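Structure below is structure-v7.txt: compact mmCIF, C-alpha atoms.
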```
# COMPACT_ATOMS: atom_id res chain seq x y z
CA MET A 1 212.31 124.91 -0.47
CA GLU A 2 213.24 124.74 3.21
CA PHE A 3 210.26 125.24 5.53
CA ARG A 4 212.38 126.20 8.51
CA LEU A 5 213.53 129.79 8.82
CA THR A 6 217.27 130.24 8.51
CA GLU A 7 219.21 131.47 11.51
CA GLU A 8 219.41 134.92 9.90
CA GLN A 9 215.67 134.97 9.28
CA ARG A 10 214.98 133.96 12.88
CA LEU A 11 217.26 136.78 14.00
CA ILE A 12 215.41 139.25 11.77
CA ARG A 13 212.08 138.15 13.22
CA ARG A 14 213.38 138.40 16.77
CA GLN A 15 214.82 141.88 16.20
CA MET A 16 211.62 143.10 14.56
CA ARG A 17 209.56 141.83 17.48
CA GLU A 18 211.84 143.65 19.90
CA LEU A 19 211.56 146.88 17.92
CA CYS A 20 207.79 146.66 17.51
CA ALA A 21 207.31 145.87 21.22
CA GLU A 22 208.29 149.49 21.89
CA PHE A 23 205.26 150.61 19.85
CA GLY A 24 202.28 148.65 21.09
CA ASP A 25 198.56 148.88 20.43
CA ASP A 26 198.25 151.98 22.59
CA TYR A 27 200.75 153.82 20.35
CA TRP A 28 198.97 152.88 17.13
CA ARG A 29 195.52 153.45 18.62
CA GLU A 30 196.51 157.02 19.52
CA ARG A 31 198.06 157.69 16.10
CA ASP A 32 194.87 156.39 14.48
CA ARG A 33 192.63 158.50 16.71
CA LYS A 34 194.57 161.69 16.06
CA GLY A 35 195.48 160.96 12.45
CA GLU A 36 199.14 161.52 13.32
CA PHE A 37 201.99 160.19 11.22
CA PRO A 38 204.06 157.67 13.25
CA TRP A 39 207.38 159.45 12.98
CA ALA A 40 208.80 157.90 16.15
CA PHE A 41 208.22 154.40 14.79
CA PHE A 42 209.68 155.25 11.39
CA GLU A 43 212.76 156.83 12.93
CA ALA A 44 213.36 153.75 15.10
CA PHE A 45 212.84 151.52 12.06
CA ALA A 46 215.36 153.57 10.08
CA GLU A 47 217.88 153.79 12.92
CA ASP A 48 217.96 150.00 13.12
CA GLY A 49 218.75 149.82 9.40
CA TRP A 50 215.53 148.25 8.15
CA CYS A 51 214.81 150.85 5.44
CA GLY A 52 217.52 149.28 3.33
CA ILE A 53 216.66 145.61 3.82
CA THR A 54 216.38 144.97 0.05
CA VAL A 55 218.87 147.65 -1.02
CA PRO A 56 222.21 146.14 -2.16
CA GLU A 57 225.05 146.44 0.31
CA GLU A 58 227.15 148.60 -2.03
CA TYR A 59 224.50 151.31 -1.66
CA GLY A 60 224.27 151.09 2.12
CA GLY A 61 221.56 148.44 2.41
CA GLN A 62 221.44 144.88 3.71
CA GLY A 63 220.87 143.15 0.38
CA TYR A 64 218.20 140.70 1.51
CA GLY A 65 215.42 139.29 -0.66
CA VAL A 66 211.64 139.28 -0.62
CA GLN A 67 211.60 136.41 1.88
CA GLU A 68 213.21 138.58 4.53
CA ALA A 69 211.29 141.72 3.52
CA ALA A 70 207.97 139.87 3.80
CA LEU A 71 209.01 138.58 7.20
CA VAL A 72 209.67 142.15 8.36
CA GLN A 73 206.34 143.41 7.06
CA GLY A 74 204.41 140.53 8.59
CA GLU A 75 205.93 141.11 12.01
CA ILE A 76 205.12 144.82 11.90
CA ALA A 77 201.48 144.07 11.09
CA ARG A 78 201.24 141.37 13.74
CA SER A 79 202.56 143.69 16.44
CA GLY A 80 199.35 145.72 16.31
CA ALA A 81 200.65 148.30 13.87
CA ALA A 82 198.50 146.67 11.17
CA MET A 83 198.46 148.40 7.78
CA ALA A 84 199.33 151.80 9.26
CA GLY A 85 202.76 150.48 10.24
CA THR A 86 203.46 148.50 7.10
CA SER A 87 202.34 151.36 4.83
CA VAL A 88 204.93 153.62 6.44
CA THR A 89 207.74 151.16 5.69
CA SER A 90 206.73 149.23 2.58
CA HIS A 91 207.73 151.84 0.00
CA HIS A 92 211.30 151.76 1.27
CA VAL A 93 211.31 148.00 0.94
CA PHE A 94 209.65 147.59 -2.45
CA SER A 95 209.24 150.88 -4.36
CA VAL A 96 212.97 151.19 -4.96
CA ALA A 97 213.13 147.80 -6.70
CA PRO A 98 212.77 149.22 -10.27
CA LEU A 99 215.54 151.72 -9.54
CA ILE A 100 217.81 148.95 -8.26
CA GLU A 101 217.19 146.78 -11.31
CA TYR A 102 216.98 149.31 -14.15
CA GLY A 103 218.48 152.60 -12.93
CA THR A 104 221.84 153.93 -14.05
CA GLU A 105 224.74 153.71 -11.63
CA GLU A 106 224.70 157.47 -11.10
CA HIS A 107 220.94 157.44 -10.48
CA LYS A 108 221.22 154.64 -7.94
CA ARG A 109 224.07 156.28 -6.07
CA ARG A 110 222.11 159.51 -5.90
CA TYR A 111 219.11 157.98 -4.14
CA LEU A 112 219.66 154.48 -2.75
CA PRO A 113 222.04 155.40 0.11
CA ARG A 114 219.54 158.01 1.28
CA VAL A 115 216.67 155.51 1.08
CA ALA A 116 218.65 152.84 2.95
CA ALA A 117 219.57 155.28 5.70
CA GLY A 118 215.96 156.39 6.11
CA ASP A 119 216.94 159.97 5.30
CA VAL A 120 214.05 160.31 2.85
CA MET A 121 210.40 159.28 2.86
CA VAL A 122 209.35 157.44 -0.30
CA CYS A 123 205.95 157.48 -2.01
CA THR A 124 204.61 156.00 -5.25
CA GLY A 125 202.42 157.73 -7.81
CA VAL A 126 200.69 155.28 -10.15
CA THR A 127 196.90 155.18 -9.58
CA GLU A 128 194.67 157.76 -11.27
CA PRO A 129 190.96 158.54 -10.83
CA ASN A 130 190.07 157.86 -14.49
CA ALA A 131 192.20 154.74 -14.86
CA GLY A 132 191.88 152.65 -11.71
CA THR A 133 192.91 149.07 -12.34
CA ASP A 134 193.51 149.71 -16.06
CA THR A 135 196.94 151.33 -15.77
CA SER A 136 197.16 151.58 -19.57
CA ARG A 137 194.70 154.47 -19.39
CA ILE A 138 196.63 156.81 -17.12
CA GLU A 139 196.45 160.41 -18.32
CA THR A 140 199.23 162.18 -16.42
CA THR A 141 201.69 163.30 -19.09
CA ALA A 142 205.35 164.23 -19.20
CA ARG A 143 206.88 166.10 -22.13
CA ARG A 144 210.62 166.40 -22.56
CA GLU A 145 212.18 169.76 -23.22
CA SER A 146 215.64 171.27 -23.29
CA VAL A 147 216.38 174.01 -20.80
CA GLU A 148 218.31 176.88 -22.34
CA ARG A 149 220.87 178.66 -20.18
CA ASP A 150 221.86 182.26 -20.85
CA SER A 151 225.24 182.19 -19.13
CA ALA A 152 227.66 180.10 -17.18
CA ASN A 153 226.21 181.61 -14.02
CA ASP A 154 222.88 180.06 -14.96
CA ALA A 155 224.31 176.54 -15.22
CA PRO A 156 221.99 173.76 -14.16
CA PRO A 157 222.56 171.91 -10.90
CA GLU A 158 224.24 168.51 -10.91
CA ALA A 159 220.94 166.65 -11.21
CA THR A 160 220.06 168.54 -14.43
CA ARG A 161 223.50 169.00 -15.91
CA ASN A 162 222.49 167.96 -19.43
CA GLY A 163 219.78 170.64 -19.50
CA ASP A 164 216.97 168.17 -20.31
CA GLU A 165 213.89 167.99 -18.16
CA TYR A 166 210.43 166.40 -18.24
CA VAL A 167 207.44 168.61 -17.48
CA VAL A 168 204.60 166.72 -15.76
CA ASP A 169 200.91 167.62 -15.79
CA GLY A 170 198.04 165.53 -14.43
CA GLN A 171 196.61 163.91 -11.33
CA LYS A 172 197.33 160.91 -9.13
CA ILE A 173 195.14 159.46 -6.40
CA TRP A 174 195.71 157.22 -3.39
CA THR A 175 199.32 158.37 -3.20
CA THR A 176 200.14 157.25 0.32
CA LYS A 177 202.49 159.56 2.26
CA ALA A 178 202.59 162.21 -0.48
CA GLY A 179 202.24 164.81 2.26
CA GLN A 180 205.35 163.52 4.05
CA ALA A 181 207.45 162.30 1.10
CA ASP A 182 210.80 163.57 -0.11
CA VAL A 183 211.04 161.35 -3.20
CA ILE A 184 208.54 159.64 -5.48
CA MET A 185 208.44 156.76 -7.92
CA LEU A 186 206.17 158.17 -10.60
CA LEU A 187 204.58 156.55 -13.65
CA VAL A 188 203.52 158.94 -16.42
CA ARG A 189 202.55 158.91 -20.08
CA THR A 190 205.20 160.12 -22.53
CA ALA A 191 203.40 158.99 -25.71
CA PRO A 192 199.66 158.89 -26.56
CA ARG A 193 197.99 155.54 -25.90
CA GLU A 194 196.62 155.38 -29.44
CA GLU A 195 200.13 155.65 -30.89
CA THR A 196 201.57 152.70 -28.95
CA ASP A 197 200.56 149.22 -27.89
CA ARG A 198 198.32 148.91 -24.85
CA PHE A 199 200.98 149.48 -22.20
CA GLY A 200 203.54 151.33 -24.29
CA GLY A 201 204.30 155.00 -23.92
CA LEU A 202 204.52 154.85 -20.10
CA THR A 203 207.69 156.06 -18.42
CA LEU A 204 208.90 155.58 -14.85
CA PHE A 205 210.82 158.10 -12.74
CA PHE A 206 212.42 158.13 -9.31
CA THR A 207 212.90 161.74 -8.34
CA GLU A 208 212.80 164.50 -5.75
CA PHE A 209 209.31 165.36 -4.58
CA GLY A 210 207.43 167.08 -1.81
CA PRO A 211 204.04 168.59 -1.03
CA ASP A 212 205.56 172.07 -1.29
CA ALA A 213 207.54 171.44 -4.48
CA PRO A 214 206.86 173.81 -7.40
CA GLY A 215 204.08 172.42 -9.59
CA VAL A 216 202.72 170.08 -6.88
CA GLU A 217 199.51 170.30 -4.88
CA VAL A 218 198.28 167.61 -2.47
CA SER A 219 195.01 166.99 -0.65
CA GLU A 220 194.47 164.29 1.95
CA ILE A 221 191.72 161.71 1.33
CA PRO A 222 189.55 160.94 4.39
CA LYS A 223 189.25 157.16 4.65
CA ALA A 224 187.94 154.35 6.83
CA GLY A 225 191.24 153.14 8.24
CA ARG A 226 194.98 153.66 8.32
CA ALA A 227 194.62 157.26 9.47
CA ALA A 228 198.22 157.22 10.71
CA SER A 229 199.44 156.62 7.16
CA PRO A 230 197.52 159.21 5.13
CA SER A 231 196.72 158.96 1.43
CA TYR A 232 196.45 161.90 -0.94
CA GLU A 233 195.31 163.20 -4.26
CA VAL A 234 198.22 164.84 -6.05
CA TRP A 235 197.97 167.41 -8.82
CA PHE A 236 200.92 168.16 -11.09
CA ASP A 237 201.01 171.44 -13.00
CA GLY A 238 204.35 172.01 -14.69
CA PHE A 239 206.23 169.79 -12.22
CA ARG A 240 209.78 169.39 -13.53
CA ILE A 241 211.87 166.22 -13.38
CA PRO A 242 215.53 166.02 -14.47
CA ALA A 243 215.99 163.61 -17.36
CA GLU A 244 218.61 161.81 -15.28
CA ASP A 245 215.85 160.71 -12.91
CA ARG A 246 214.15 158.55 -15.51
CA ILE A 247 214.39 154.82 -14.86
CA GLY A 248 215.49 152.90 -17.94
CA GLU A 249 214.16 153.71 -21.38
CA GLU A 250 211.37 156.09 -22.20
CA GLY A 251 208.12 154.26 -22.88
CA GLU A 252 209.15 151.07 -21.05
CA GLY A 253 208.02 152.10 -17.58
CA PHE A 254 205.06 149.77 -17.29
CA ASP A 255 207.23 146.71 -17.90
CA TYR A 256 209.69 147.90 -15.25
CA LEU A 257 206.86 148.43 -12.78
CA LEU A 258 205.10 145.17 -13.60
CA SER A 259 208.25 143.13 -13.07
CA PHE A 260 208.01 143.90 -9.36
CA ALA A 261 204.23 143.67 -8.95
CA ASN A 262 204.51 140.14 -7.58
CA ALA A 263 206.80 141.31 -4.78
CA GLU A 264 204.19 143.87 -3.80
CA ARG A 265 201.47 141.22 -3.74
CA ILE A 266 203.62 138.99 -1.53
CA SER A 267 204.31 141.88 0.81
CA LEU A 268 200.62 142.70 1.07
CA ALA A 269 199.79 139.07 1.79
CA ALA A 270 202.36 139.04 4.61
CA ASN A 271 200.73 142.18 6.00
CA ALA A 272 197.30 140.56 5.86
CA VAL A 273 198.48 137.42 7.61
CA GLY A 274 200.03 139.53 10.37
CA ILE A 275 196.84 141.52 10.93
CA GLY A 276 194.75 138.34 11.01
CA GLN A 277 197.11 136.72 13.48
CA ALA A 278 197.00 139.78 15.73
CA ALA A 279 193.20 139.73 15.67
CA ILE A 280 192.99 136.03 16.57
CA GLU A 281 195.55 136.42 19.36
CA ARG A 282 193.63 139.35 20.89
CA ALA A 283 190.31 137.48 20.57
CA ALA A 284 191.68 134.31 22.15
CA GLU A 285 193.12 136.31 25.03
CA TYR A 286 189.73 137.93 25.61
CA ALA A 287 187.88 134.60 25.31
CA ARG A 288 190.12 133.03 27.98
CA GLU A 289 189.16 135.71 30.51
CA ARG A 290 185.63 136.88 29.72
CA GLU A 291 182.87 135.05 31.63
CA VAL A 292 179.22 134.84 30.51
CA PHE A 293 176.56 132.51 31.99
CA GLY A 294 179.10 131.30 34.51
CA ASN A 295 181.69 130.11 32.00
CA ARG A 296 184.60 131.61 30.16
CA ILE A 297 183.37 132.25 26.65
CA GLY A 298 186.29 130.39 25.11
CA SER A 299 184.69 127.17 26.32
CA TYR A 300 181.72 127.74 24.02
CA GLN A 301 182.24 126.15 20.62
CA ALA A 302 180.39 129.01 18.91
CA VAL A 303 183.30 131.18 20.03
CA ALA A 304 186.17 128.69 19.93
CA HIS A 305 185.54 127.09 16.53
CA PRO A 306 185.61 130.25 14.40
CA LEU A 307 188.88 131.29 16.03
CA ALA A 308 190.40 127.85 15.51
CA ASP A 309 189.22 127.86 11.91
CA SER A 310 190.82 131.25 11.22
CA TRP A 311 194.05 130.19 12.92
CA THR A 312 194.38 127.21 10.57
CA LYS A 313 193.65 129.36 7.51
CA LEU A 314 196.28 131.92 8.48
CA GLU A 315 198.83 129.17 9.10
CA GLY A 316 198.27 128.00 5.55
CA ASP A 317 198.50 131.55 4.24
CA GLU A 318 201.81 132.09 6.02
CA THR A 319 203.22 129.02 4.28
CA MET A 320 201.93 130.32 0.95
CA VAL A 321 203.68 133.65 1.59
CA ARG A 322 206.97 131.87 2.17
CA LYS A 323 206.53 129.75 -0.95
CA ALA A 324 205.75 132.76 -3.16
CA ALA A 325 208.65 134.76 -1.69
CA TRP A 326 211.02 131.82 -2.23
CA CYS A 327 209.89 131.51 -5.85
CA TYR A 328 210.50 135.23 -6.36
CA ASP A 329 213.98 135.20 -4.85
CA GLU A 330 214.93 132.06 -6.79
CA GLY A 331 213.81 133.55 -10.11
CA GLU A 332 211.02 131.02 -10.52
CA LYS A 333 207.67 131.89 -12.13
CA THR A 334 205.91 133.76 -9.35
CA GLY A 335 202.67 135.20 -10.75
CA PRO A 336 200.29 132.37 -9.81
CA ALA A 337 201.70 131.93 -6.30
CA ALA A 338 201.87 135.67 -5.58
CA ASN A 339 198.34 136.34 -6.78
CA ALA A 340 196.95 133.26 -5.02
CA VAL A 341 198.37 134.22 -1.64
CA LYS A 342 197.29 137.85 -2.06
CA LEU A 343 193.73 136.62 -2.62
CA ARG A 344 193.61 134.06 0.15
CA ALA A 345 195.46 136.03 2.82
CA SER A 346 193.45 139.20 2.32
CA GLU A 347 190.11 137.39 2.49
CA ASP A 348 191.14 135.26 5.46
CA ALA A 349 192.43 138.32 7.34
CA ILE A 350 189.11 140.14 7.02
CA GLU A 351 187.28 137.04 8.21
CA ALA A 352 189.64 136.69 11.18
CA CYS A 353 189.18 140.34 12.13
CA GLU A 354 185.40 140.11 11.90
CA ARG A 355 185.43 137.01 14.08
CA ALA A 356 187.62 138.80 16.60
CA VAL A 357 185.14 141.68 16.76
CA ARG A 358 182.26 139.23 17.28
CA VAL A 359 184.11 137.44 20.10
CA HIS A 360 184.45 140.76 21.91
CA GLY A 361 180.72 141.42 21.57
CA GLY A 362 179.84 145.06 22.01
CA MET A 363 183.37 145.84 23.16
CA GLY A 364 184.62 144.69 19.80
CA TYR A 365 183.18 147.92 18.46
CA ALA A 366 185.15 149.95 21.01
CA ALA A 367 188.48 151.45 20.04
CA GLU A 368 190.16 150.42 23.29
CA TYR A 369 190.20 146.73 22.28
CA ASP A 370 191.85 147.44 18.90
CA VAL A 371 190.16 144.67 16.93
CA GLU A 372 187.87 147.17 15.21
CA ARG A 373 190.98 149.01 14.01
CA TYR A 374 192.43 145.80 12.61
CA TRP A 375 189.10 145.13 10.90
CA ARG A 376 189.06 148.57 9.25
CA GLU A 377 192.66 148.35 8.13
CA ALA A 378 192.40 144.81 6.77
CA MET A 379 189.79 145.88 4.22
CA ILE A 380 192.29 147.71 2.01
CA ASN A 381 194.04 144.43 1.25
CA VAL A 382 191.16 143.11 -0.86
CA LEU A 383 191.10 146.31 -2.91
CA ALA A 384 194.72 147.21 -3.55
CA PRO A 385 197.13 147.20 -5.27
CA VAL A 386 194.74 145.17 -7.42
CA SER A 387 191.25 144.00 -6.50
CA ASN A 388 190.64 140.37 -5.67
CA GLU A 389 188.25 140.20 -8.61
CA MET A 390 191.14 141.05 -10.94
CA VAL A 391 193.28 138.46 -9.17
CA LYS A 392 190.64 135.84 -9.96
CA ASN A 393 190.63 137.04 -13.58
CA TYR A 394 194.40 136.56 -13.69
CA VAL A 395 194.21 133.03 -12.30
CA ALA A 396 191.36 132.12 -14.66
CA HIS A 397 193.22 133.38 -17.72
CA GLU A 398 196.88 132.71 -16.93
CA VAL A 399 196.56 129.48 -14.94
CA LEU A 400 193.35 127.87 -16.15
CA ASP A 401 193.68 129.12 -19.74
CA LEU A 402 190.14 130.53 -19.81
CA PRO A 403 189.24 133.34 -22.23
CA ARG A 404 189.44 136.88 -20.91
CA SER A 405 186.69 139.50 -21.03
CA TYR A 406 188.84 142.59 -20.42
```

Using structure tokens, write down the structure that the file contains.
Amino acid sequence: MEFRLTEEQRLIRRQMRELCAEFGDDYWRERDRKGEFPWAFFEAFAEDGWCGITVPEEYGGQGYGVQEAALVQGEIARSGAAMAGTSVTSHHVFSVAPLIEYGTEEHKRRYLPRVAAGDVMVCTGVTEPNAGTDTSRIETTARRESVERDSANDAPPEATRNGDEYVVDGQKIWTTKAGQADVIMLLVRTAPREETDRFGGLTLFFTEFGPDAPGVEVSEIPKAGRAASPSYEVWFDGFRIPAEDRIGEEGEGFDYLLSFANAERISLAANAVGIGQAAIERAAEYAREREVFGNRIGSYQAVAHPLADSWTKLEGDETMVRKAAWCYDEGEKTGPAANAVKLRASEDAIEACERAVRVHGGMGYAAEYDVERYWREAMINVLAPVSNEMVKNYVAHEVLDLPRSY
């Protein structure tokens, strides 16, 4: 593994910093205050071609790997956009991975060029209120049925030309951007859990979607942070999906989804590192200028040492991100490294943000200094897409060969 960034990677980082400089803390602070979706940022991101960074070139993308995608996400977070910015872009970078790997050629050509161009907003529907971390217990169902046509004038559209559709009923929760999305990667149950092995009977789709689509109802979830990137509950009642929009084989969806879970963990870790770095940079800037008892507060070790400590931790986390991303792109075993960096980066980011708030004193609680926003948005990283407690369970069982209790 080469520790230096390649010339291309340095160019990517430089270009991302230039793009993000147009959308500073004031932009994200206002979006957070008003709960407004950052369309201007997304459109600039798409116009510069970043939506397709991991999409193969033959489908209009740039064909880069997780190393470059993580670099992009980290720079967005570090710019002050925090998780609001990375949540807007991450589904384009990572949620299409199962489609790229397991979709049919026709399926890929139907969606990937649109994703790469930024012509559609992508969301992911996996989590459910009665399942949580145990994805094997999702209850949203899809039954396959043939659609009968009475005449040639009633022929199905191109996307449903074989007449087969899946009818979806159930509920998803924490579906980020469901209110803005045009397409969804959706995991559903196509066979009862008791008739399959633990994770069998789950099927994955990539299909057209929208808050106003027939059979869909969405409701926004009020939450502590990331107001600019809203999350929703989604109810499906007779929502129809063309059979051609199924990814791979019926009943194999969990395996397709799981094969890319490590990329998501690496991406989240990069986000966390970026938020932590932003917090430490803002705190250090404040500590260099703020005077108390006749001295700049940065001269006091009670202020300086926590910031220095967090800086060193985040430097180590950034190296861990690059190692895990390199392992992923090289086809090496990635689970331990991806889970380890997700754990460490998320915890270190929260600590860094809390320290930044403390350095600002009472003003750290004020929105105008932004560190409270970083603090609120960093919290999600310890909870999702899997809790840090489950990460520790994974390491204990898979790495240390300890017995499992779940």

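Restricting the calculation to only C-alpha atoms, the smallest distance between A:Asp237 and any of A:Gln180, A:Ile275, A:Glu208, A:Tyr166 is found for A:Tyr166.
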
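Among the candidate residues A:Ala279, A:Ile266, A:Val273, A:Cys327, the one lying nearest to A:Lys313 is A:Val273, with distances computed using all atoms listed in the file.
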
Counting all atoms listed in the file, what is within 12 Å of A:Pro38, bar same-chain residues fewer than 5 positions away, as a VMD selection string?
chain A and resid 23 27 to 33 43 to 45 81 84 to 89 177 180 226 to 230

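In this structure, atom CA of A:Glu8 sits 21.9 Å away from atom CA of A:Asp317.
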
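Considering the residues A:Ala352, A:Leu11, A:Ile173, A:Val126 and counting only C-alpha atoms, A:Leu187 has its shortest atom-to-atom contact with A:Val126.
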
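Minimum atom-to-atom distances from A:Ala308, A:Leu112, A:Val399, A:Ala284 to A:Gly63 were compared using only C-alpha atoms, and the lowest value belongs to A:Leu112.
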
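Atom pair atom CA of A:Gly35 / atom CA of A:Cys51 has a distance of 22.9 Å (rounded to one decimal).
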
Could you please determine the separation between atom CA of A:Leu71 and atom CA of A:Arg10 in Å, to one decimal place?
9.4 Å

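Between A:Trp235 and the residues A:Glu101, A:Glu106, A:Glu220, A:Glu252, the shortest atom-to-atom distance, using all atoms listed in the file, involves A:Glu220.
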
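The protein and nucleic acid residues lying at most 10 Å from A:Gln277 are Gly74, Glu75, Ala77, Arg78, Ser79, Gly80, Asn271, Ala272, Val273, Gly274, Ile280, Glu281, Arg282, Ala283, Ser310, Trp311, Leu314, Glu315, Glu318, Ala349, Ala352 and Cys353 of chain A, with only C-alpha atoms considered and sequence neighbours fewer than 3 positions away removed.
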
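Remark: for A:Gln9, the closest of the candidate residues A:Ala70, A:Val55, A:Leu204, A:Ala82 is A:Ala70 (distances computed over all atoms listed in the file).
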
Find the residues around A:Tyr64 up to 8 Å (all atoms listed in the file counted), leave out those fewer than 4 positions away in its own chain, and share them as number ranges by chain.
A: 53-56, 68-69
